>>> print(open('target-v8.cif').read())   # mmCIF, C-alpha atoms and all ligand atoms
data_structure
loop_
_atom_site.group_PDB
_atom_site.id
_atom_site.type_symbol
_atom_site.label_atom_id
_atom_site.label_comp_id
_atom_site.auth_asym_id
_atom_site.auth_seq_id
_atom_site.Cartn_x
_atom_site.Cartn_y
_atom_site.Cartn_z
ATOM 1 C CA MET A 1 152.536 108.127 71.368
ATOM 2 C CA GLU A 2 154.549 108.212 68.113
ATOM 3 C CA THR A 3 151.824 110.229 66.379
ATOM 4 C CA LEU A 4 151.569 112.598 69.353
ATOM 5 C CA LYS A 5 155.349 113.117 69.406
ATOM 6 C CA ARG A 6 155.372 113.866 65.668
ATOM 7 C CA TRP A 7 152.428 116.283 65.891
ATOM 8 C CA ILE A 8 154.108 118.133 68.782
ATOM 9 C CA ALA A 9 157.416 118.330 66.879
ATOM 10 C CA GLU A 10 155.566 119.830 63.885
ATOM 11 C CA SER A 11 153.564 122.405 65.898
ATOM 12 C CA ASN A 12 154.410 125.932 67.002
ATOM 13 C CA ARG A 13 150.951 127.175 68.009
ATOM 14 C CA ILE A 14 149.953 124.503 70.525
ATOM 15 C CA VAL A 15 147.050 125.275 72.858
ATOM 16 C CA PHE A 16 146.585 123.166 75.979
ATOM 17 C CA PHE A 17 143.042 122.929 77.386
ATOM 18 C CA GLY A 18 143.131 121.347 80.842
ATOM 19 C CA GLY A 19 141.057 120.389 83.862
ATOM 20 C CA ALA A 20 141.416 118.980 87.355
ATOM 21 C CA GLY A 21 143.170 115.855 86.053
ATOM 22 C CA VAL A 22 146.241 118.002 85.333
ATOM 23 C CA SER A 23 146.715 118.669 89.070
ATOM 24 C CA THR A 24 145.866 115.255 90.589
ATOM 25 C CA GLU A 25 149.518 114.162 90.255
ATOM 26 C CA SER A 26 150.411 117.231 92.307
ATOM 27 C CA GLY A 27 148.178 115.847 95.075
ATOM 28 C CA ILE A 28 144.994 117.873 94.424
ATOM 29 C CA PRO A 29 141.925 115.606 94.061
ATOM 30 C CA ASP A 30 139.751 116.130 90.989
ATOM 31 C CA PHE A 31 135.946 116.309 91.084
ATOM 32 C CA ARG A 32 134.435 113.357 89.235
ATOM 33 C CA SER A 33 136.945 110.508 89.487
ATOM 34 C CA VAL A 34 135.952 107.792 91.948
ATOM 35 C CA ASP A 35 138.082 109.480 94.633
ATOM 36 C CA GLY A 36 137.061 112.947 93.428
ATOM 37 C CA LEU A 37 135.457 115.654 95.505
ATOM 38 C CA TYR A 38 131.966 115.112 94.099
ATOM 39 C CA ASN A 39 131.950 111.474 95.155
ATOM 40 C CA GLN A 40 132.591 112.269 98.806
ATOM 41 C CA LYS A 41 129.572 112.506 101.141
ATOM 42 C CA PHE A 42 128.438 115.922 102.371
ATOM 43 C CA GLU A 43 125.235 117.357 103.842
ATOM 44 C CA TYR A 44 124.534 118.939 100.425
ATOM 45 C CA PRO A 45 125.829 118.051 96.935
ATOM 46 C CA PRO A 46 129.135 119.968 96.463
ATOM 47 C CA GLU A 47 127.784 121.542 93.259
ATOM 48 C CA THR A 48 125.065 123.076 95.461
ATOM 49 C CA ILE A 49 127.543 124.395 98.022
ATOM 50 C CA ILE A 50 129.859 126.077 95.505
ATOM 51 C CA SER A 51 127.004 127.985 93.893
ATOM 52 C CA HIS A 52 126.270 131.700 94.005
ATOM 53 C CA SER A 53 122.912 131.270 95.756
ATOM 54 C CA PHE A 54 124.413 129.036 98.468
ATOM 55 C CA PHE A 55 127.261 131.523 98.974
ATOM 56 C CA ARG A 56 124.649 134.202 99.634
ATOM 57 C CA ARG A 57 122.361 131.962 101.738
ATOM 58 C CA ASP A 58 124.912 130.344 104.042
ATOM 59 C CA PRO A 59 128.374 131.948 103.774
ATOM 60 C CA GLU A 60 129.505 130.265 107.044
ATOM 61 C CA TYR A 61 128.965 126.781 105.564
ATOM 62 C CA PHE A 62 130.294 127.859 102.148
ATOM 63 C CA PHE A 63 133.617 129.063 103.603
ATOM 64 C CA ARG A 64 133.962 126.000 105.852
ATOM 65 C CA PHE A 65 133.604 123.752 102.767
ATOM 66 C CA TYR A 66 135.745 126.055 100.575
ATOM 67 C CA ARG A 67 138.616 126.209 103.101
ATOM 68 C CA GLU A 68 138.526 122.459 103.674
ATOM 69 C CA LYS A 69 137.985 121.219 100.098
ATOM 70 C CA MET A 70 138.637 123.978 97.576
ATOM 71 C CA LEU A 71 141.687 125.852 98.782
ATOM 72 C CA PRO A 72 144.689 124.018 97.310
ATOM 73 C CA LEU A 73 147.678 125.866 98.858
ATOM 74 C CA GLY A 74 151.199 124.519 99.254
ATOM 75 C CA PHE A 75 151.083 122.177 96.245
ATOM 76 C CA GLU A 76 153.789 122.044 93.565
ATOM 77 C CA PRO A 77 153.509 121.891 89.763
ATOM 78 C CA ASN A 78 154.084 118.442 88.220
ATOM 79 C CA ILE A 79 155.776 117.328 85.008
ATOM 80 C CA THR A 80 152.797 118.349 82.860
ATOM 81 C CA HIS A 81 152.747 121.940 84.187
ATOM 82 C CA LYS A 82 156.529 122.177 83.764
ATOM 83 C CA LYS A 83 156.634 120.783 80.222
ATOM 84 C CA LEU A 84 153.915 123.223 79.097
ATOM 85 C CA ALA A 85 155.880 126.157 80.538
ATOM 86 C CA GLN A 86 158.981 124.904 78.712
ATOM 87 C CA TRP A 87 157.095 124.663 75.373
ATOM 88 C CA GLU A 88 155.810 128.222 75.843
ATOM 89 C CA ALA A 89 159.369 129.441 76.493
ATOM 90 C CA GLU A 90 160.500 127.605 73.333
ATOM 91 C CA GLY A 91 157.764 129.319 71.294
ATOM 92 C CA LYS A 92 155.897 126.046 70.654
ATOM 93 C CA LEU A 93 152.859 126.690 72.874
ATOM 94 C CA SER A 94 150.738 129.838 72.567
ATOM 95 C CA ALA A 95 148.378 129.467 75.558
ATOM 96 C CA VAL A 96 147.116 127.323 78.381
ATOM 97 C CA VAL A 97 143.327 127.411 78.840
ATOM 98 C CA THR A 98 142.489 125.883 82.212
ATOM 99 C CA GLN A 99 139.389 125.136 84.272
ATOM 100 C CA ASN A 100 141.619 124.835 87.344
ATOM 101 C CA ILE A 101 141.777 127.479 90.070
ATOM 102 C CA ASP A 102 145.025 126.328 91.744
ATOM 103 C CA GLY A 103 147.526 128.640 89.973
ATOM 104 C CA LEU A 104 149.973 125.752 89.344
ATOM 105 C CA HIS A 105 150.521 126.607 85.660
ATOM 106 C CA GLN A 106 151.826 130.076 86.619
ATOM 107 C CA LYS A 107 153.834 128.528 89.477
ATOM 108 C CA ALA A 108 155.532 126.325 86.854
ATOM 109 C CA GLY A 109 156.441 129.416 84.803
ATOM 110 C CA SER A 110 153.599 129.597 82.233
ATOM 111 C CA LYS A 111 152.847 133.196 81.269
ATOM 112 C CA ARG A 112 149.753 133.076 79.049
ATOM 113 C CA VAL A 113 147.222 131.186 81.153
ATOM 114 C CA TYR A 114 143.488 131.752 80.690
ATOM 115 C CA GLU A 115 141.719 130.725 83.897
ATOM 116 C CA LEU A 116 138.133 130.061 82.809
ATOM 117 C CA HIS A 117 136.971 129.426 86.384
ATOM 118 C CA GLY A 118 139.163 132.035 88.104
ATOM 119 C CA SER A 119 141.785 131.498 90.794
ATOM 120 C CA VAL A 120 141.914 130.947 94.578
ATOM 121 C CA LEU A 121 144.916 133.288 94.592
ATOM 122 C CA ARG A 122 142.677 136.300 93.949
ATOM 123 C CA ASN A 123 140.086 137.371 96.543
ATOM 124 C CA TYR A 124 138.171 140.656 96.545
ATOM 125 C CA CYS A 125 135.926 142.490 98.983
ATOM 126 C CA THR A 126 132.379 142.406 97.583
ATOM 127 C CA ARG A 127 131.850 145.976 98.822
ATOM 128 C CA CYS A 128 135.083 147.978 98.206
ATOM 129 C CA HIS A 129 136.905 145.477 95.894
ATOM 130 C CA GLN A 130 140.028 145.504 98.067
ATOM 131 C CA PHE A 131 142.343 142.581 97.064
ATOM 132 C CA TYR A 132 143.204 139.838 99.572
ATOM 133 C CA PRO A 133 145.624 136.866 99.167
ATOM 134 C CA ALA A 134 144.486 133.236 99.549
ATOM 135 C CA GLU A 135 146.258 133.027 102.926
ATOM 136 C CA PHE A 136 143.838 135.625 104.285
ATOM 137 C CA ILE A 137 140.925 133.312 103.444
ATOM 138 C CA ARG A 138 142.802 130.278 104.804
ATOM 139 C CA ASP A 139 143.710 131.903 108.124
ATOM 140 C CA CYS A 140 140.533 133.744 109.078
ATOM 141 C CA PRO A 141 137.788 131.869 110.965
ATOM 142 C CA GLY A 142 134.201 131.990 109.738
ATOM 143 C CA VAL A 143 133.255 134.416 106.989
ATOM 144 C CA PRO A 144 136.270 136.491 105.784
ATOM 145 C CA LYS A 145 135.514 140.184 106.274
ATOM 146 C CA CYS A 146 137.246 143.212 104.758
ATOM 147 C CA ALA A 147 138.322 146.152 106.925
ATOM 148 C CA CYS A 148 135.326 147.987 105.418
ATOM 149 C CA GLY A 149 132.982 145.254 106.699
ATOM 150 C CA GLY A 150 132.238 143.667 103.308
ATOM 151 C CA ILE A 151 132.558 139.899 102.742
ATOM 152 C CA VAL A 152 135.788 138.896 100.926
ATOM 153 C CA LYS A 153 134.908 136.564 98.031
ATOM 154 C CA PRO A 154 137.320 134.285 96.121
ATOM 155 C CA ASP A 155 137.688 135.189 92.425
ATOM 156 C CA VAL A 156 136.393 131.730 91.517
ATOM 157 C CA VAL A 157 133.461 131.195 89.136
ATOM 158 C CA LEU A 158 130.721 129.588 91.236
ATOM 159 C CA TYR A 159 127.826 127.665 89.720
ATOM 160 C CA GLU A 160 125.168 130.143 88.484
ATOM 161 C CA GLU A 161 127.917 132.736 87.821
ATOM 162 C CA SER A 162 129.126 133.752 84.370
ATOM 163 C CA LEU A 163 132.683 133.356 83.140
ATOM 164 C CA ASP A 164 134.847 136.427 82.551
ATOM 165 C CA ALA A 165 134.053 137.690 79.029
ATOM 166 C CA GLU A 166 137.623 138.716 78.152
ATOM 167 C CA THR A 167 139.054 135.363 79.326
ATOM 168 C CA LEU A 168 136.470 133.541 77.203
ATOM 169 C CA GLU A 169 137.228 135.701 74.164
ATOM 170 C CA LYS A 170 141.010 135.247 74.424
ATOM 171 C CA SER A 171 140.610 131.488 74.981
ATOM 172 C CA ILE A 172 138.456 131.160 71.852
ATOM 173 C CA GLU A 173 140.937 133.223 69.793
ATOM 174 C CA ALA A 174 143.836 131.036 70.914
ATOM 175 C CA ILE A 175 141.927 127.797 70.191
ATOM 176 C CA GLN A 176 140.838 129.037 66.742
ATOM 177 C CA ALA A 177 144.467 129.841 65.853
ATOM 178 C CA ALA A 178 145.904 126.606 67.260
ATOM 179 C CA ASP A 179 147.657 124.095 64.983
ATOM 180 C CA LEU A 180 147.480 121.436 67.709
ATOM 181 C CA LEU A 181 144.864 121.356 70.503
ATOM 182 C CA LEU A 182 145.819 119.208 73.507
ATOM 183 C CA VAL A 183 142.763 118.555 75.726
ATOM 184 C CA ALA A 184 143.747 116.850 78.963
ATOM 185 C CA GLY A 185 142.630 115.877 82.442
ATOM 186 C CA THR A 186 139.031 116.944 82.053
ATOM 187 C CA SER A 187 135.706 115.071 81.925
ATOM 188 C CA LEU A 188 134.412 117.730 79.468
ATOM 189 C CA THR A 189 131.064 117.809 81.280
ATOM 190 C CA VAL A 190 130.868 121.433 82.446
ATOM 191 C CA TYR A 191 129.783 124.238 80.097
ATOM 192 C CA PRO A 192 130.546 126.697 78.641
ATOM 193 C CA ALA A 193 134.156 125.513 79.243
ATOM 194 C CA ALA A 194 133.781 122.116 77.531
ATOM 195 C CA GLY A 195 132.170 123.649 74.452
ATOM 196 C CA LEU A 196 135.236 125.808 73.738
ATOM 197 C CA ILE A 197 137.093 122.909 72.142
ATOM 198 C CA ARG A 198 134.592 123.079 69.245
ATOM 199 C CA TYR A 199 136.261 126.313 68.132
ATOM 200 C CA TYR A 200 139.342 124.349 67.076
ATOM 201 C CA ARG A 201 139.603 124.371 63.266
ATOM 202 C CA GLY A 202 142.414 121.888 62.655
ATOM 203 C CA ASP A 203 142.538 118.094 62.439
ATOM 204 C CA ARG A 204 144.927 117.480 65.333
ATOM 205 C CA LEU A 205 142.688 117.498 68.407
ATOM 206 C CA VAL A 206 144.320 115.239 71.001
ATOM 207 C CA LEU A 207 142.445 114.023 74.102
ATOM 208 C CA ILE A 208 144.569 112.697 76.990
ATOM 209 C CA ASN A 209 142.351 111.526 79.835
ATOM 210 C CA ARG A 210 142.336 108.529 82.174
ATOM 211 C CA ASP A 211 138.561 108.014 81.836
ATOM 212 C CA GLU A 212 136.354 108.207 78.734
ATOM 213 C CA THR A 213 134.745 111.549 77.896
ATOM 214 C CA PRO A 214 131.761 112.550 75.725
ATOM 215 C CA TYR A 215 134.263 113.957 73.192
ATOM 216 C CA ASP A 216 136.287 110.782 72.630
ATOM 217 C CA GLY A 217 134.627 110.277 69.240
ATOM 218 C CA TYR A 218 135.237 113.915 68.319
ATOM 219 C CA ALA A 219 139.010 113.886 68.883
ATOM 220 C CA ASN A 220 141.570 112.969 66.201
ATOM 221 C CA LEU A 221 143.721 111.075 68.738
ATOM 222 C CA VAL A 222 142.720 109.709 72.169
ATOM 223 C CA LEU A 223 145.085 108.439 74.880
ATOM 224 C CA HIS A 224 143.400 106.923 77.962
ATOM 225 C CA GLN A 225 146.547 107.173 80.084
ATOM 226 C CA SER A 226 147.789 109.227 83.026
ATOM 227 C CA LEU A 227 149.205 112.619 82.092
ATOM 228 C CA GLY A 228 152.397 111.960 84.041
ATOM 229 C CA SER A 229 153.133 108.831 82.000
ATOM 230 C CA VAL A 230 152.427 110.627 78.698
ATOM 231 C CA PHE A 231 154.342 113.822 79.498
ATOM 232 C CA SER A 232 157.344 111.905 80.860
ATOM 233 C CA GLN A 233 157.702 110.509 77.290
ATOM 234 C CA LEU A 234 157.433 113.889 75.555
HETATM 235 N N1 LIG B 301 145.939 111.741 84.109
HETATM 236 C C1 LIG B 301 144.959 111.765 83.168
HETATM 237 N N2 LIG B 301 143.657 112.006 83.450
HETATM 238 C C2 LIG B 301 143.339 112.199 84.740
HETATM 239 C C3 LIG B 301 144.295 112.188 85.788
HETATM 240 C C4 LIG B 301 145.641 111.948 85.421
HETATM 241 N N3 LIG B 301 146.618 111.916 86.329
HETATM 242 N N4 LIG B 301 143.647 112.426 86.962
HETATM 243 C C5 LIG B 301 142.342 112.575 86.664
HETATM 244 N N5 LIG B 301 142.166 112.436 85.333
HETATM 245 C C6 LIG B 301 140.933 112.611 84.576
HETATM 246 C C7 LIG B 301 139.760 111.858 85.140
HETATM 247 O O1 LIG B 301 139.617 110.654 84.421
HETATM 248 C C8 LIG B 301 138.581 112.801 84.856
HETATM 249 O O2 LIG B 301 137.877 112.425 83.673
HETATM 250 O O3 LIG B 301 140.624 113.980 84.675
HETATM 251 C C9 LIG B 301 139.212 114.159 84.611
HETATM 252 C C10 LIG B 301 138.825 115.180 85.650
HETATM 253 O O4 LIG B 301 137.464 115.467 85.453
HETATM 254 P P1 LIG B 301 136.688 116.330 86.567
HETATM 255 O O5 LIG B 301 137.002 115.800 87.912
HETATM 256 O O6 LIG B 301 135.264 116.419 86.104
HETATM 257 O O7 LIG B 301 137.370 117.770 86.481
HETATM 258 P P2 LIG B 301 137.075 118.890 85.406
HETATM 259 O O8 LIG B 301 136.736 118.305 84.076
HETATM 260 O O9 LIG B 301 138.218 119.843 85.461
HETATM 261 O O10 LIG B 301 135.766 119.621 86.020
HETATM 262 C C11 LIG B 301 135.325 120.774 85.341
HETATM 263 O O11 LIG B 301 133.722 121.152 87.085
HETATM 264 O O12 LIG B 301 132.939 121.524 89.221
HETATM 265 C C12 LIG B 301 133.453 122.102 88.116
HETATM 266 O O13 LIG B 301 134.513 124.154 88.243
HETATM 267 C C13 LIG B 301 134.739 122.790 88.422
HETATM 268 O O14 LIG B 301 136.511 123.293 86.865
HETATM 269 C C14 LIG B 301 135.694 122.247 87.367
HETATM 270 C C15 LIG B 301 134.747 121.736 86.311
#
>>> encode(input="target-v8.cif", output="structure tokens", more="lines below")
Ligand code: APR
Amino acid sequence: METLKRWIAESNRIVFFGGAGVSTESGIPDFRSVDGLYNQKFEYPPETIISHSFFRRDPEYFFRFYREKMLPLGFEPNITHKKLAQWEAEGKLSAVVTQNIDGLHQKAGSKRVYELHGSVLRNYCTRCHQFYPAEFIRDCPGVPKCACGGIVKPDVVLYEESLDAETLEKSIEAIQAADLLLVAGTSLTVYPAAGLIRYYRGDRLVLINRDETPYDGYANLVLHQSLGSVFSQL
């Protein structure tokens, strides 16, 4: 903790790279922890359901699963989200790169947030591209339809779909320019997201994660603790 505190005090181009573990203390389950979404029993593996081909094949089932398990509305940012927004306002943090789709970083006041996997807050008609809010998806039964008849699809990167090129590019730029890279609350098992941390050029890559990750040996500092306990000391 002392080293982390010193590195943070000395940095003014911090980049935070986060995953589902950042939002668990707000009440949103992650995917791969023992109580995570992917360890619950469903008719199909969740990674199959939230894929592009499944969305096309069985939109009824997709939206039932999505509404029940993937639509985190009504949750509040926690201490980690708030501290990051504060550092940005103080000119210490240059960007948040997140795999999360819950919009909690922006809700906490963060401005420069690169959402690698999109956001549940943005939903577009697949035919006319009309925008719809998350509440529209939450409140409509069955498959959400646009006034023009097209299916309304969440702006969330499904398996088999590519990430937004501009978001990727800006995330890489921010990571390359970072003096301190804080990687937190992610199992670092999903690509291309996980591979982005390799663009960091410095020697202050910090990994804060409850469980071990494949990048533990690659980081300069590893804290296997909960984010709430670490950020309440920062
Ligand atoms: N403090 C610290 N670490 C935590 C906390 C916490 N409060 N809660 C959970 N974690 C850690 C867990 O130990 C786990 O290793 O966060 C990690 C979350 O990993 P995953 O559940 O795999 O989530 P993530 O890495 O974001 O998944 C990446 O997978 O299915 C896709 O698109 C989905 O964006 C997601 C991607």
>>> residues_near_ligand(input="target-v8.cif", ligand="ligand LIG 301 (chain B)", cutoff="7 Å", atoms="all atoms listed in the file", output="MDAnalysis selection string")
chainID A and resid 18:22 24:25 30:33 36 47 99:100 117 184:190 208:213 225:228
>>> closest_residue(input="target-v8.cif", among="A:Ser26, A:Ser171, A:Ser162, A:Gln40", to="A:Arg112", atoms="all atoms listed in the file")
A:Ser171
>>> resolve_selection(input="target-v8.cif", expression="the PyMOL selection byres (((chain A and resi 133) around 9) and not hetatm)", output="PyMOL selection string")
chain A and resi 120-124+131-132+134-137
>>> write_last_selection(input="target-v8.cif", atoms="C-alpha atoms", output="PDB file, in the frame of the given file")
ATOM      1  CA  VAL A 120     141.914 130.947  94.578  1.00  0.00           C
ATOM      2  CA  LEU A 121     144.916 133.288  94.592  1.00  0.00           C
ATOM      3  CA  ARG A 122     142.677 136.300  93.949  1.00  0.00           C
ATOM      4  CA  ASN A 123     140.086 137.371  96.543  1.00  0.00           C
ATOM      5  CA  TYR A 124     138.171 140.656  96.545  1.00  0.00           C
ATOM      6  CA  PHE A 131     142.343 142.581  97.064  1.00  0.00           C
ATOM      7  CA  TYR A 132     143.204 139.838  99.572  1.00  0.00           C
ATOM      8  CA  ALA A 134     144.486 133.236  99.549  1.00  0.00           C
ATOM      9  CA  GLU A 135     146.258 133.027 102.926  1.00  0.00           C
ATOM     10  CA  PHE A 136     143.838 135.625 104.285  1.00  0.00           C
ATOM     11  CA  ILE A 137     140.925 133.312 103.444  1.00  0.00           C
TER      12      ILE A 137
END
>>> residues_around(input="target-v8.cif", residues="A:Gly142", least_positions_apart="4", cutoff="12 Å", atoms="all atoms listed in the file", output="list in words")
Asp58, Pro59, Glu60, Tyr61, Phe62, Phe63, Arg64, Phe65, Tyr66, Arg67, Phe136, Ile137, Arg138, Ile151 and Val152 of chain A
>>> atom_distance(input="target-v8.cif", atom1="atom CA of A:Tyr218", atom2="atom CA of A:Lys92")
24.1 Å
>>> resolve_selection(input="target-v8.cif", expression="the PyMOL selection byres (((chain A and resi 102) around 7) and not hetatm)", output="PyMOL selection string")
chain A and resi 72+100-101+103-104+119-120
>>> write_last_selection(input="target-v8.cif", atoms="C-alpha atoms", output="PDB file, in the frame of the given file")
ATOM      1  CA  PRO A  72     144.689 124.018  97.310  1.00  0.00           C
ATOM      2  CA  ASN A 100     141.619 124.835  87.344  1.00  0.00           C
ATOM      3  CA  ILE A 101     141.777 127.479  90.070  1.00  0.00           C
ATOM      4  CA  GLY A 103     147.526 128.640  89.973  1.00  0.00           C
ATOM      5  CA  LEU A 104     149.973 125.752  89.344  1.00  0.00           C
ATOM      6  CA  SER A 119     141.785 131.498  90.794  1.00  0.00           C
ATOM      7  CA  VAL A 120     141.914 130.947  94.578  1.00  0.00           C
TER       8      VAL A 120
END
>>> atom_distance(input="target-v8.cif", atom1="atom CA of A:Pro77", atom2="atom CA of A:His105")
6.9 Å
>>> residues_around(input="target-v8.cif", residues="A:Ile14", least_positions_apart="4", cutoff="9 Å", atoms="all atoms listed in the file", output="PyMOL selection string")
chain A and resi 8+87-88+92-96+174-175+177-182
>>> axis_aligned_box(input="target-v8.cif", around="stretch 76-82 of chain A", padding_each_side="4 Å", output="AutoDock Vina command-line options")
--center_x 154.6 --center_y 119.8 --center_z 88.2 --size_x 11.8 --size_y 12.8 --size_z 18.7
>>> closest_residue(input="target-v8.cif", among="A:Ile197, A:Gly91, A:Leu73, A:Ala108", to="A:Asp139", atoms="all atoms listed in the file")
A:Leu73
>>> decode(input="target-v8.cif", residues="stretch 98-114 of chain A", atoms="N, CA, C and O atoms", output="mmCIF file, in the first residue's frame")
data_model
loop_
_atom_site.group_PDB
_atom_site.id
_atom_site.type_symbol
_atom_site.label_atom_id
_atom_site.label_comp_id
_atom_site.auth_asym_id
_atom_site.auth_seq_id
_atom_site.Cartn_x
_atom_site.Cartn_y
_atom_site.Cartn_z
ATOM 1 N N THR A 98 -12.690 0.790 -19.517
ATOM 2 C CA THR A 98 -13.452 -0.226 -18.783
ATOM 3 C C THR A 98 -14.046 -1.278 -19.702
ATOM 4 O O THR A 98 -14.384 -0.991 -20.852
ATOM 5 N N GLN A 99 -14.163 -2.494 -19.168
ATOM 6 C CA GLN A 99 -14.849 -3.580 -19.884
ATOM 7 C C GLN A 99 -16.320 -3.609 -19.452
ATOM 8 O O GLN A 99 -17.105 -4.385 -19.969
ATOM 9 N N ASN A 100 -16.667 -2.783 -18.482
ATOM 10 C CA ASN A 100 -18.017 -2.796 -17.921
ATOM 11 C C ASN A 100 -19.000 -2.026 -18.802
ATOM 12 O O ASN A 100 -18.619 -1.113 -19.541
ATOM 13 N N ILE A 101 -20.246 -2.421 -18.714
ATOM 14 C CA ILE A 101 -21.302 -1.826 -19.569
ATOM 15 C C ILE A 101 -22.358 -1.129 -18.716
ATOM 16 O O ILE A 101 -23.437 -0.808 -19.187
ATOM 17 N N ASP A 102 -22.033 -0.875 -17.419
ATOM 18 C CA ASP A 102 -23.051 -0.396 -16.475
ATOM 19 C C ASP A 102 -23.114 1.128 -16.344
ATOM 20 O O ASP A 102 -24.004 1.658 -15.685
ATOM 21 N N GLY A 103 -22.166 1.858 -16.955
ATOM 22 C CA GLY A 103 -22.235 3.328 -16.929
ATOM 23 C C GLY A 103 -21.939 3.947 -15.571
ATOM 24 O O GLY A 103 -22.139 5.154 -15.383
ATOM 25 N N LEU A 104 -21.446 3.178 -14.604
ATOM 26 C CA LEU A 104 -21.243 3.710 -13.242
ATOM 27 C C LEU A 104 -20.085 4.701 -13.157
ATOM 28 O O LEU A 104 -20.105 5.610 -12.329
ATOM 29 N N HIS A 105 -19.079 4.574 -14.020
ATOM 30 C CA HIS A 105 -17.981 5.556 -13.988
ATOM 31 C C HIS A 105 -18.517 6.956 -14.331
ATOM 32 O O HIS A 105 -18.210 7.931 -13.656
ATOM 33 N N GLN A 106 -19.336 7.037 -15.375
ATOM 34 C CA GLN A 106 -19.917 8.337 -15.771
ATOM 35 C C GLN A 106 -20.876 8.843 -14.681
ATOM 36 O O GLN A 106 -20.922 10.015 -14.365
ATOM 37 N N LYS A 107 -21.608 7.900 -14.064
ATOM 38 C CA LYS A 107 -22.546 8.279 -12.999
ATOM 39 C C LYS A 107 -21.782 8.882 -11.810
ATOM 40 O O LYS A 107 -22.303 9.735 -11.097
ATOM 41 N N ALA A 108 -20.530 8.454 -11.644
ATOM 42 C CA ALA A 108 -19.707 8.978 -10.536
ATOM 43 C C ALA A 108 -19.053 10.309 -10.915
ATOM 44 O O ALA A 108 -18.449 10.972 -10.061
ATOM 45 N N GLY A 109 -19.158 10.695 -12.199
ATOM 46 C CA GLY A 109 -18.606 11.989 -12.612
ATOM 47 C C GLY A 109 -17.414 11.886 -13.544
ATOM 48 O O GLY A 109 -16.892 12.909 -13.998
ATOM 49 N N SER A 110 -16.943 10.669 -13.861
ATOM 50 C CA SER A 110 -15.813 10.535 -14.803
ATOM 51 C C SER A 110 -16.248 11.022 -16.178
ATOM 52 O O SER A 110 -17.362 10.746 -16.633
ATOM 53 N N LYS A 111 -15.326 11.752 -16.839
ATOM 54 C CA LYS A 111 -15.666 12.280 -18.176
ATOM 55 C C LYS A 111 -15.049 11.432 -19.293
ATOM 56 O O LYS A 111 -15.720 11.048 -20.232
ATOM 57 N N ARG A 112 -13.751 11.118 -19.170
ATOM 58 C CA ARG A 112 -13.103 10.369 -20.249
ATOM 59 C C ARG A 112 -13.114 8.888 -19.880
ATOM 60 O O ARG A 112 -12.260 8.392 -19.145
ATOM 61 N N VAL A 113 -14.156 8.208 -20.391
ATOM 62 C CA VAL A 113 -14.338 6.783 -20.103
ATOM 63 C C VAL A 113 -14.408 6.039 -21.435
ATOM 64 O O VAL A 113 -15.267 6.345 -22.270
ATOM 65 N N TYR A 114 -13.510 5.125 -21.662
ATOM 66 C CA TYR A 114 -13.549 4.332 -22.904
ATOM 67 C C TYR A 114 -14.189 2.985 -22.576
ATOM 68 O O TYR A 114 -13.631 2.184 -21.813
#
